[in-house]
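Q: Shown below is the structure under consideration.
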Amino acid sequence: MTAVADAPRQAPTATGLPPLRLPMPDAGFADCAPPCRRPPLPPPVGVEADPDALGWYRWMLGHHVAVCVWRLLCDHLPEAPANPAAGEVVADLYDAYSALLLYSGSCSPQTYATVIRARMKARHPAFSGTWARDYEQVSELLGRFRPFAGERVKRALKTNRLVHMTVAKRLVPQGKSLLRESGMDPTRTVDTDRDRFDEFFGVDRAEVCRDEFADQLADRVRLVLDDLAARPDPVRYDNADVSRLQAELPDLLDRLVSFTTRKVAP
Ligand code: HEM
């Protein structure tokens with residue numbers, strides 16, 4: 001079992017990221033005219049010389065973009081069985097999520113244990129990704145639509161599981177998730193857990209129009225790309241599929257904003 005400090009190690013908690021404003025996963029986007037525009041986000045401060053601060057920043061920013069990708073998956077999954085172009089988008093979105101797992105989890109195992117995992121544990125001893133309400137919705141839709149969504153979607157899902165477990169094994173080599181470690185029933189998620197996940201990652205549930213969603217996503221994508229251009233991810237993986245997704249991250253993220261319009265032409 002990996003040793004996890006009970007009190008989080010001191011590292012800046014401020015990321016400069018404003019809350020990510022999103023509707024509930026089963027609520028549509030608001031109608032809004034004129035389009036909502038927000039000021040662009042500032043670059044991060046203080047991550048240059050502090051690996052703990054950089055690891056924390058990437059964990060939070062990577063999750064913001066992943067939550068947006070889950071929202072996009074909820075939009076496009078129902079169309080995938082009947083529309084091969086939507087199936088391609090779903091596969092691209094899953095690949096983007098896989099690449100974001102690598103970005104979010106690109107810190108050292110030590111930073112993960114002493115800063116990230118310790119902060120999640122301090123928030124709740126069983127803190128878990130299963131509390132992500134947008135991903136819960138993705139899982140529900142996958143159960144209904146995946147069997148008909150095409151081979152590329154199936155491959156992207158398989159690779160996503162591989163990437164997730166590769167990141168988990170690198171960061172927590174002999175350990176379990178906090179949820180498993182706590183002994184809590186992993187199938188018993190309640191609204192308080194979902195709210196806790198939102199609150200930890202700075203996700204505010206609100207009425208949001210598509211333009212505002214697209215702007216928030218575009219801003220955060222730019223921050224990820226700027227970060228990686230200045231400080232490339234040093235982690236190397238010995239699996240070709242994992243390394244490919246790590247290399248493709250900029251292209252995959254660049255395409256995300258084009259998926260924010262609802263319909264994909266067949
Ligand atoms: C890198 C960013 C990460 C993200 C965005 C993420 C996201 C998620 C999500 C959405 C789930 C629920 C759905 C599913 O099973 O796929 C989940 C579950 C899980 N994750 Fe992650 N995860 C990340 C990193 C990690 C790490 C570092 C570990 C190491 C222990 C881990 C271990 C697990 C396990 C074991 C589960 C099954 C439920 C549980 O035991 O909590 N994940 N994760």
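Starting from 1 in every chain, residues are counted up; chains themselves are A, B, ... following the order of the structure tokens, and ligands are numbered from 1 as listed.
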With only C-alpha atoms and all ligand atoms counted, collect every polymer residue having an atom within 7 Å of ligand 1; state the result as a PyMOL selection string.
A: chain A and resi 59+63+66+101-102+104-105+128-130+132+135+164-165+167-169+171-172+175-180+186
Q: Any chance you can output those residues with C-alpha atoms as a short mmCIF file (atom, residue, chain, number, x, y, z; two decimals), in the first residue's frame?
A:
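After the write, out_7.cif holds the following:
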```cif
data_model
loop_
_atom_site.label_atom_id
_atom_site.label_comp_id
_atom_site.auth_asym_id
_atom_site.auth_seq_id
_atom_site.Cartn_x
_atom_site.Cartn_y
_atom_site.Cartn_z
CA TRP A 59 -5.01 17.60 -11.98
CA HIS A 63 -10.48 17.39 -14.79
CA ALA A 66 -12.49 15.96 -18.95
CA LEU A 101 -6.14 11.11 -18.09
CA LEU A 102 -2.45 11.19 -19.05
CA SER A 104 -4.14 15.08 -15.40
CA GLY A 105 -2.00 12.30 -13.98
CA SER A 128 -13.88 8.70 -6.00
CA GLY A 129 -14.27 9.31 -9.73
CA THR A 130 -17.49 7.29 -9.52
CA ALA A 132 -18.63 12.37 -11.23
CA TYR A 135 -19.55 10.43 -16.20
CA HIS A 164 -6.94 4.74 -16.89
CA MET A 165 -5.40 1.67 -15.31
CA VAL A 167 -2.16 5.98 -14.90
CA ALA A 168 -3.58 4.38 -11.74
CA LYS A 169 -0.75 1.82 -11.60
CA LEU A 171 0.64 6.79 -9.49
CA VAL A 172 -0.51 4.21 -6.93
CA GLY A 175 -2.39 0.55 -3.74
CA LYS A 176 -6.11 0.75 -4.12
CA SER A 177 -8.41 3.68 -4.86
CA LEU A 178 -9.54 5.68 -1.84
CA LEU A 179 -13.02 4.25 -2.31
CA ARG A 180 -11.75 0.65 -2.13
CA PRO A 186 -18.84 1.52 -4.54
#
```
Q: Please, which residues in stretch 124-188 of chain A fall within 10 Å of stretch 238-253 of chain A when counting only C-alpha atoms, and what is the closest atom pair and distance in Å to one decimal for each, ordered by chain then residue number, as JSON lines?
A:
```
{"residue": "A:Thr159", "atom": "CA", "partner": "A:Asp241", "partner_atom": "CA", "distance": 7.2}
{"residue": "A:Asn160", "atom": "CA", "partner": "A:Val242", "partner_atom": "CA", "distance": 9.0}
{"residue": "A:Leu162", "atom": "CA", "partner": "A:Val242", "partner_atom": "CA", "distance": 7.9}
{"residue": "A:Val163", "atom": "CA", "partner": "A:Val242", "partner_atom": "CA", "distance": 6.1}
{"residue": "A:His164", "atom": "CA", "partner": "A:Val242", "partner_atom": "CA", "distance": 9.8}
{"residue": "A:Thr166", "atom": "CA", "partner": "A:Val242", "partner_atom": "CA", "distance": 8.3}
{"residue": "A:Val167", "atom": "CA", "partner": "A:Val242", "partner_atom": "CA", "distance": 9.8}
```
Q: Just to be explicit: take each residue in the selection above, keep C-alpha atoms, and write the result as an mmCIF file, in the first residue's frame.
A:
```
data_model
loop_
_atom_site.group_PDB
_atom_site.id
_atom_site.type_symbol
_atom_site.label_atom_id
_atom_site.label_comp_id
_atom_site.auth_asym_id
_atom_site.auth_seq_id
_atom_site.Cartn_x
_atom_site.Cartn_y
_atom_site.Cartn_z
ATOM 1 C CA THR A 159 -7.954 1.873 -24.871
ATOM 2 C CA ASN A 160 -9.545 4.269 -22.372
ATOM 3 C CA LEU A 162 -6.079 0.613 -20.488
ATOM 4 C CA VAL A 163 -4.967 4.254 -20.118
ATOM 5 C CA HIS A 164 -6.938 4.740 -16.889
ATOM 6 C CA THR A 166 -1.911 2.589 -16.612
ATOM 7 C CA VAL A 167 -2.165 5.985 -14.897
#
```
Q: Which parts of stretch 29-266 of chain A does DSSP call helix (DSSP H, G or I) when run on the backbone here, written out as an NGL selection string?
A: :A and (51-79 or 84-104 or 109-123 or 129-131 or 133-148 or 151-171 or 178-182 or 191-201 or 210-230 or 240-260)
Q: Next, write the just-selected residues to a file, as a compact mmCIF listing (two decimals), in the first residue's frame, keeping C-alpha atoms as the atom set.
A:
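Generated file (again14.txt):
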```
# COMPACT_ATOMS: atom_id res chain seq x y z
CA PRO A 51 6.43 20.32 -9.22
CA ASP A 52 3.69 19.97 -6.56
CA ALA A 53 1.96 23.15 -7.73
CA LEU A 54 2.25 22.04 -11.37
CA GLY A 55 0.89 18.56 -10.56
CA TRP A 56 -2.06 20.08 -8.71
CA TYR A 57 -2.75 22.56 -11.52
CA ARG A 58 -2.76 19.78 -14.13
CA TRP A 59 -5.01 17.60 -11.98
CA MET A 60 -7.59 20.40 -11.65
CA LEU A 61 -7.36 21.76 -15.21
CA GLY A 62 -7.32 18.24 -16.72
CA HIS A 63 -10.48 17.39 -14.79
CA HIS A 64 -12.22 20.56 -15.99
CA VAL A 65 -11.58 19.62 -19.61
CA ALA A 66 -12.49 15.96 -18.95
CA VAL A 67 -15.83 17.04 -17.45
CA CYS A 68 -16.51 19.07 -20.63
CA VAL A 69 -15.64 16.00 -22.73
CA TRP A 70 -18.07 13.89 -20.70
CA ARG A 71 -20.75 16.51 -21.36
CA LEU A 72 -20.00 16.31 -25.11
CA LEU A 73 -20.18 12.50 -24.96
CA CYS A 74 -23.66 12.82 -23.43
CA ASP A 75 -24.66 15.01 -26.39
CA HIS A 76 -23.28 12.78 -29.15
CA LEU A 77 -23.65 9.21 -27.84
CA PRO A 78 -27.40 8.87 -28.51
CA GLU A 79 -26.81 9.69 -32.20
CA PRO A 84 -21.52 6.90 -38.37
CA ALA A 85 -20.16 10.50 -38.29
CA ALA A 86 -21.46 10.87 -34.71
CA GLY A 87 -19.82 7.50 -33.92
CA GLU A 88 -16.48 8.93 -35.12
CA VAL A 89 -17.00 11.96 -32.86
CA VAL A 90 -17.71 9.69 -29.88
CA ALA A 91 -14.49 7.74 -30.58
CA ASP A 92 -12.52 11.01 -30.86
CA LEU A 93 -14.06 12.23 -27.59
CA TYR A 94 -13.07 9.01 -25.82
CA ASP A 95 -9.53 9.35 -27.18
CA ALA A 96 -9.46 12.96 -25.93
CA TYR A 97 -10.59 11.77 -22.49
CA SER A 98 -7.83 9.12 -22.54
CA ALA A 99 -5.21 11.75 -23.40
CA LEU A 100 -6.58 13.96 -20.60
CA LEU A 101 -6.14 11.11 -18.09
CA LEU A 102 -2.45 11.19 -19.05
CA TYR A 103 -2.25 14.98 -18.73
CA SER A 104 -4.14 15.08 -15.40
CA PRO A 109 3.82 9.36 -7.67
CA GLN A 110 5.14 11.37 -4.71
CA THR A 111 3.21 14.52 -5.67
CA TYR A 112 0.14 12.37 -6.26
CA ALA A 113 0.38 10.76 -2.81
CA THR A 114 1.33 13.78 -0.75
CA VAL A 115 -0.64 16.54 -2.46
CA ILE A 116 -3.42 15.28 -4.76
CA ARG A 117 -4.56 12.09 -3.10
CA ALA A 118 -4.04 13.60 0.35
CA ARG A 119 -6.28 16.56 -0.54
CA MET A 120 -8.99 14.28 -1.92
CA LYS A 121 -8.71 12.08 1.18
CA ALA A 122 -8.92 15.14 3.44
CA ARG A 123 -12.11 16.11 1.59
CA GLY A 129 -14.27 9.31 -9.73
CA THR A 130 -17.49 7.29 -9.52
CA TRP A 131 -19.01 10.43 -7.96
CA ARG A 133 -22.27 12.95 -12.21
CA ASP A 134 -21.48 13.71 -15.86
CA TYR A 135 -19.55 10.43 -16.20
CA GLU A 136 -22.42 8.57 -14.53
CA GLN A 137 -24.62 9.88 -17.32
CA VAL A 138 -22.05 8.77 -19.92
CA SER A 139 -22.06 5.25 -18.39
CA GLU A 140 -25.84 5.16 -18.49
CA LEU A 141 -25.92 6.20 -22.17
CA LEU A 142 -23.12 3.75 -23.02
CA GLY A 143 -25.21 0.93 -21.59
CA ARG A 144 -27.99 1.87 -24.03
CA PHE A 145 -26.08 2.87 -27.19
CA ARG A 146 -22.61 1.30 -27.18
CA PRO A 147 -23.68 -2.08 -28.58
CA PHE A 148 -24.61 -0.30 -31.84
CA GLU A 151 -15.98 -0.74 -33.94
CA ARG A 152 -13.98 2.49 -33.49
CA VAL A 153 -16.02 3.39 -30.42
CA LYS A 154 -15.40 -0.07 -28.96
CA ARG A 155 -11.64 0.25 -29.57
CA ALA A 156 -11.54 3.75 -28.04
CA LEU A 157 -13.35 2.47 -24.94
CA LYS A 158 -10.96 -0.44 -24.56
CA THR A 159 -7.95 1.87 -24.87
CA ASN A 160 -9.54 4.27 -22.37
CA ARG A 161 -9.71 1.50 -19.77
CA LEU A 162 -6.08 0.61 -20.49
CA VAL A 163 -4.97 4.25 -20.12
CA HIS A 164 -6.94 4.74 -16.89
CA MET A 165 -5.40 1.67 -15.31
CA THR A 166 -1.91 2.59 -16.61
CA VAL A 167 -2.16 5.98 -14.90
CA ALA A 168 -3.58 4.38 -11.74
CA LYS A 169 -0.75 1.82 -11.60
CA ARG A 170 1.97 4.42 -12.15
CA LEU A 171 0.64 6.79 -9.49
CA LEU A 178 -9.54 5.68 -1.84
CA LEU A 179 -13.02 4.25 -2.31
CA ARG A 180 -11.75 0.65 -2.13
CA GLU A 181 -9.41 1.52 0.71
CA SER A 182 -12.29 3.02 2.72
CA ASP A 191 -26.25 13.26 -4.31
CA THR A 192 -24.01 14.43 -1.46
CA ASP A 193 -21.12 12.48 -3.09
CA ARG A 194 -21.86 14.00 -6.51
CA ASP A 195 -22.00 17.49 -4.99
CA ARG A 196 -18.72 16.85 -3.19
CA PHE A 197 -17.01 15.89 -6.46
CA ASP A 198 -18.34 19.07 -8.14
CA GLU A 199 -17.28 21.22 -5.22
CA PHE A 200 -13.76 19.73 -5.02
CA PHE A 201 -13.09 20.31 -8.71
CA ARG A 210 -23.80 26.53 -25.70
CA ASP A 211 -21.64 29.60 -26.43
CA GLU A 212 -20.65 29.93 -22.80
CA PHE A 213 -19.87 26.20 -22.63
CA ALA A 214 -17.79 26.39 -25.83
CA ASP A 215 -15.89 29.45 -24.53
CA GLN A 216 -15.08 27.80 -21.20
CA LEU A 217 -13.86 24.70 -23.00
CA ALA A 218 -11.80 26.65 -25.58
CA ASP A 219 -10.14 28.68 -22.82
CA ARG A 220 -9.16 25.62 -20.83
CA VAL A 221 -7.93 23.77 -23.92
CA ARG A 222 -5.68 26.74 -24.65
CA LEU A 223 -4.29 26.60 -21.10
CA VAL A 224 -3.48 22.87 -21.47
CA LEU A 225 -1.78 23.43 -24.84
CA ASP A 226 0.20 26.44 -23.57
CA ASP A 227 1.25 24.49 -20.49
CA LEU A 228 2.49 21.51 -22.53
CA ALA A 229 4.26 23.74 -25.04
CA ALA A 230 6.17 25.38 -22.16
CA ALA A 240 2.32 1.95 -27.93
CA ASP A 241 -1.39 2.87 -27.65
CA VAL A 242 -0.81 4.89 -24.49
CA SER A 243 2.19 6.71 -25.99
CA ARG A 244 0.24 7.44 -29.18
CA LEU A 245 -2.58 9.12 -27.24
CA GLN A 246 -0.07 11.12 -25.21
CA ALA A 247 1.49 12.37 -28.48
CA GLU A 248 -1.90 13.07 -30.08
CA LEU A 249 -3.24 15.14 -27.17
CA PRO A 250 -2.77 18.54 -28.89
CA ASP A 251 -4.64 17.41 -32.03
CA LEU A 252 -7.39 15.72 -30.04
CA LEU A 253 -7.92 18.82 -27.89
CA ASP A 254 -7.79 21.17 -30.87
CA ARG A 255 -10.79 19.38 -32.36
CA LEU A 256 -12.90 19.46 -29.19
CA VAL A 257 -14.45 22.87 -29.66
CA SER A 258 -15.78 21.88 -33.09
CA PHE A 259 -17.86 19.20 -31.32
CA THR A 260 -19.78 21.73 -29.24
```
Q: From stretch 22-263 of chain A, collect each residue whose DSSP state is strand (DSSP E) and return the set as JSON, numbers by chain.
A: {"A": [22, 203, 204, 205]}
